[in-house]
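Asks: Below is the structure I would like to discuss, written out as structure tokens.
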Amino acid sequence: MDSSAIIEAILVREGSIYTDAPDDKGGPTKFGITLPTLQLWRHGATLADLVALSIDDARQVYKFVFVTPFIAYPEPFLGLIVGSAVQHGKGRIEGWLTTCGDYASFLRKRISFYGEIVIAHPSQLKWLRGWLNRVILFVR
């Protein structure tokens, strides 16, 4: 799967509707992109810019913020890394890459992180099934 296919798969999973679930700690999103992520691509972007985000711009955001920094990693590791960065933040994933030397250890870290989230914030348990559905795609 090349980087374009990775982005398209994420767009399918995330959907195209602007959402702002009050109990989602990730905050408002469109195409799975948060306002802070949009601002990494377009400095000064506002919530109105997020609401109006086009699918073509979403592709560019994903490429710039989440694919390009990790492009040196081979598939299927790249897909796992990009999907993880989208959900958990680029900075966190950069840290995981320094401590998880291979695909399997990175995958274990991502799965265990879901447990850490739910233990720290029990209200987030409602999202666990969806999170696990994201990561199960990478179990080989």
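In the structure tokens, the first chain shown is A, the next is B, and so on; residue numbers restart at 1 for each chain, and ligands run from 1 in the order shown.
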I'd like a table as a tab-separated table: residues in stretch 13-88 of chain A with an atom no more than 12 Å from stretch 125-130 of chain A, each row giving the shortest atom pair and its distance in Å to one decimal, only C-alpha atoms counted, sorted by chain and rising residue number.

Replies:
residue	atom	partner	partner_atom	distance
A:Arg13	CA	A:Gly130	CA	10.1
A:Glu14	CA	A:Gly130	CA	10.9
A:Ala21	CA	A:Trp127	CA	11.4
A:Asp23	CA	A:Lys126	CA	9.7
A:Asp24	CA	A:Trp127	CA	8.4
A:Lys25	CA	A:Trp127	CA	10.4
A:Gly26	CA	A:Trp127	CA	11.3
A:Gln87	CA	A:Gly130	CA	11.5

Asks: Generate the output file for the selected residues, N, CA and C atoms, as a compact mmCIF listing (two decimals), in the first residue's frame.

Replies:
# COMPACT_ATOMS: atom_id res chain seq x y z
N ARG A 13 -12.22 5.45 6.68
CA ARG A 13 -12.51 5.13 8.09
C ARG A 13 -13.04 6.33 8.85
N GLU A 14 -12.48 7.49 8.60
CA GLU A 14 -12.84 8.68 9.37
C GLU A 14 -14.15 9.32 8.93
N ALA A 21 -18.26 15.58 19.12
CA ALA A 21 -18.86 14.84 20.24
C ALA A 21 -18.29 15.38 21.54
N ASP A 23 -18.00 14.28 24.49
CA ASP A 23 -17.22 13.38 25.33
C ASP A 23 -16.02 12.77 24.61
N ASP A 24 -15.74 13.22 23.39
CA ASP A 24 -14.56 12.77 22.66
C ASP A 24 -13.42 13.73 22.99
N LYS A 25 -12.42 13.22 23.69
CA LYS A 25 -11.31 14.07 24.12
C LYS A 25 -10.49 14.60 22.95
N GLY A 26 -10.68 14.03 21.76
CA GLY A 26 -9.96 14.51 20.58
C GLY A 26 -10.48 15.83 20.05
N GLN A 87 -4.37 9.27 15.17
CA GLN A 87 -5.18 9.10 16.36
C GLN A 87 -4.53 9.63 17.63

Asks: Extract, using only C-alpha atoms, all DNA, RNA and protein residues at most 10 Å from A:Ser4, discarding same-chain residues fewer than 6 positions from it, and format them as a PyMOL selection string.

Replies: chain A and resi 10+59+62-63+67

Asks: Write out the residues from the selection above, keeping C-alpha atoms, as a PDB file, in the first residue's frame.

Replies:
ATOM      1  CA  ILE A  10      -7.928   6.742   6.605  1.00  0.00           C
ATOM      2  CA  ARG A  59      -5.461  14.694   1.615  1.00  0.00           C
ATOM      3  CA  TYR A  62      -2.546  13.989   5.876  1.00  0.00           C
ATOM      4  CA  LYS A  63       0.384  13.935   3.478  1.00  0.00           C
ATOM      5  CA  VAL A  67       2.958  10.790   5.930  1.00  0.00           C
TER       6      VAL A  67
END

Asks: For stretch 34-38 of chain A, please output as a PyMOL selection string all residues within 10 Å (counting only C-alpha atoms; exclusion window: fewer than 2 positions along the same chain).

Replies: chain A and resi 18-20+26-32+40-51+53+57-58+61-62+65-66+86-87+89-90

Asks: Of the candidates A:Ile71, A:Val12, A:Leu107, A:Ala52, which shows the shortest atom-to-atom distance to A:Arg140, using only C-alpha atoms?

Replies: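 Of all the options, A:Leu107 lies closest to A:Arg140.
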
Asks: Contacts of A:Ser84 at 12 Å or less, counting only C-alpha atoms, minus same-chain residues fewer than 3 places along, as a ChimeraX atom specification?

Replies: /A:6,10,66-67,70,77-81,87-97,106-111,113-114,131-132,134-135,137-138

Asks: Report as a ChimeraX atom specification: the residues of stretch 48-91 of chain A with a DSSP assignment of alpha helix (DSSP H), based on the backbone of this structure.

Replies: /A:48-51,55-61,77-88,90-91

Asks: For those residues, write C-alpha atoms to a file as a JSON list (two decimals), in the first residue's frame.

Replies:
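And here is the file that came out, result.json:
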[["chain", "number", "residue", "atom", "x", "y", "z"],
["A", 48, "ALA", "CA", -14.71, 27.66, 10.41],
["A", 49, "ASP", "CA", -11.82, 26.51, 8.20],
["A", 50, "LEU", "CA", -12.10, 23.03, 9.72],
["A", 51, "VAL", "CA", -15.85, 22.92, 9.07],
["A", 55, "ILE", "CA", -11.41, 16.38, 0.82],
["A", 56, "ASP", "CA", -8.54, 17.53, -1.40],
["A", 57, "ASP", "CA", -7.20, 19.73, 1.38],
["A", 58, "ALA", "CA", -7.67, 16.85, 3.85],
["A", 59, "ARG", "CA", -5.46, 14.69, 1.62],
["A", 60, "GLN", "CA", -2.81, 17.42, 1.66],
["A", 61, "VAL", "CA", -3.01, 17.74, 5.45],
["A", 77, "PHE", "CA", 4.90, -0.25, 9.19],
["A", 78, "LEU", "CA", 4.23, 3.10, 7.49],
["A", 79, "GLY", "CA", 0.48, 2.48, 7.50],
["A", 80, "LEU", "CA", 0.55, 1.56, 11.19],
["A", 81, "ILE", "CA", 2.64, 4.63, 12.04],
["A", 82, "VAL", "CA", 0.48, 7.05, 10.06],
["A", 83, "GLY", "CA", -2.77, 5.68, 11.49],
["A", 84, "SER", "CA", -1.31, 5.88, 14.98],
["A", 85, "ALA", "CA", -0.13, 9.47, 14.47],
["A", 86, "VAL", "CA", -3.57, 10.49, 13.23],
["A", 87, "GLN", "CA", -5.18, 9.10, 16.36],
["A", 88, "HIS", "CA", -2.54, 9.78, 19.02],
["A", 90, "LYS", "CA", 2.62, 12.97, 15.69],
["A", 91, "GLY", "CA", 4.80, 13.87, 18.69]]

Asks: To one decimal place, how far is atom CA of A:Ser3 from atom CA of A:Glu75 in Å?

Replies: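 Going from atom CA of A:Ser3 over to atom CA of A:Glu75 covers 9.1 Å.
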
Asks: Hey, can you check how far atom CA of A:Val139 sits from atom CA of A:Ala104?

Replies: 8.6 Å

Asks: Find, counting only C-alpha atoms, the residue in A:Ile33, A:Cys100, A:Ala120, A:Ala72 that gets nearest to A:Ile7.

Replies: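 Of all the options, A:Ile33 lies closest to A:Ile7.
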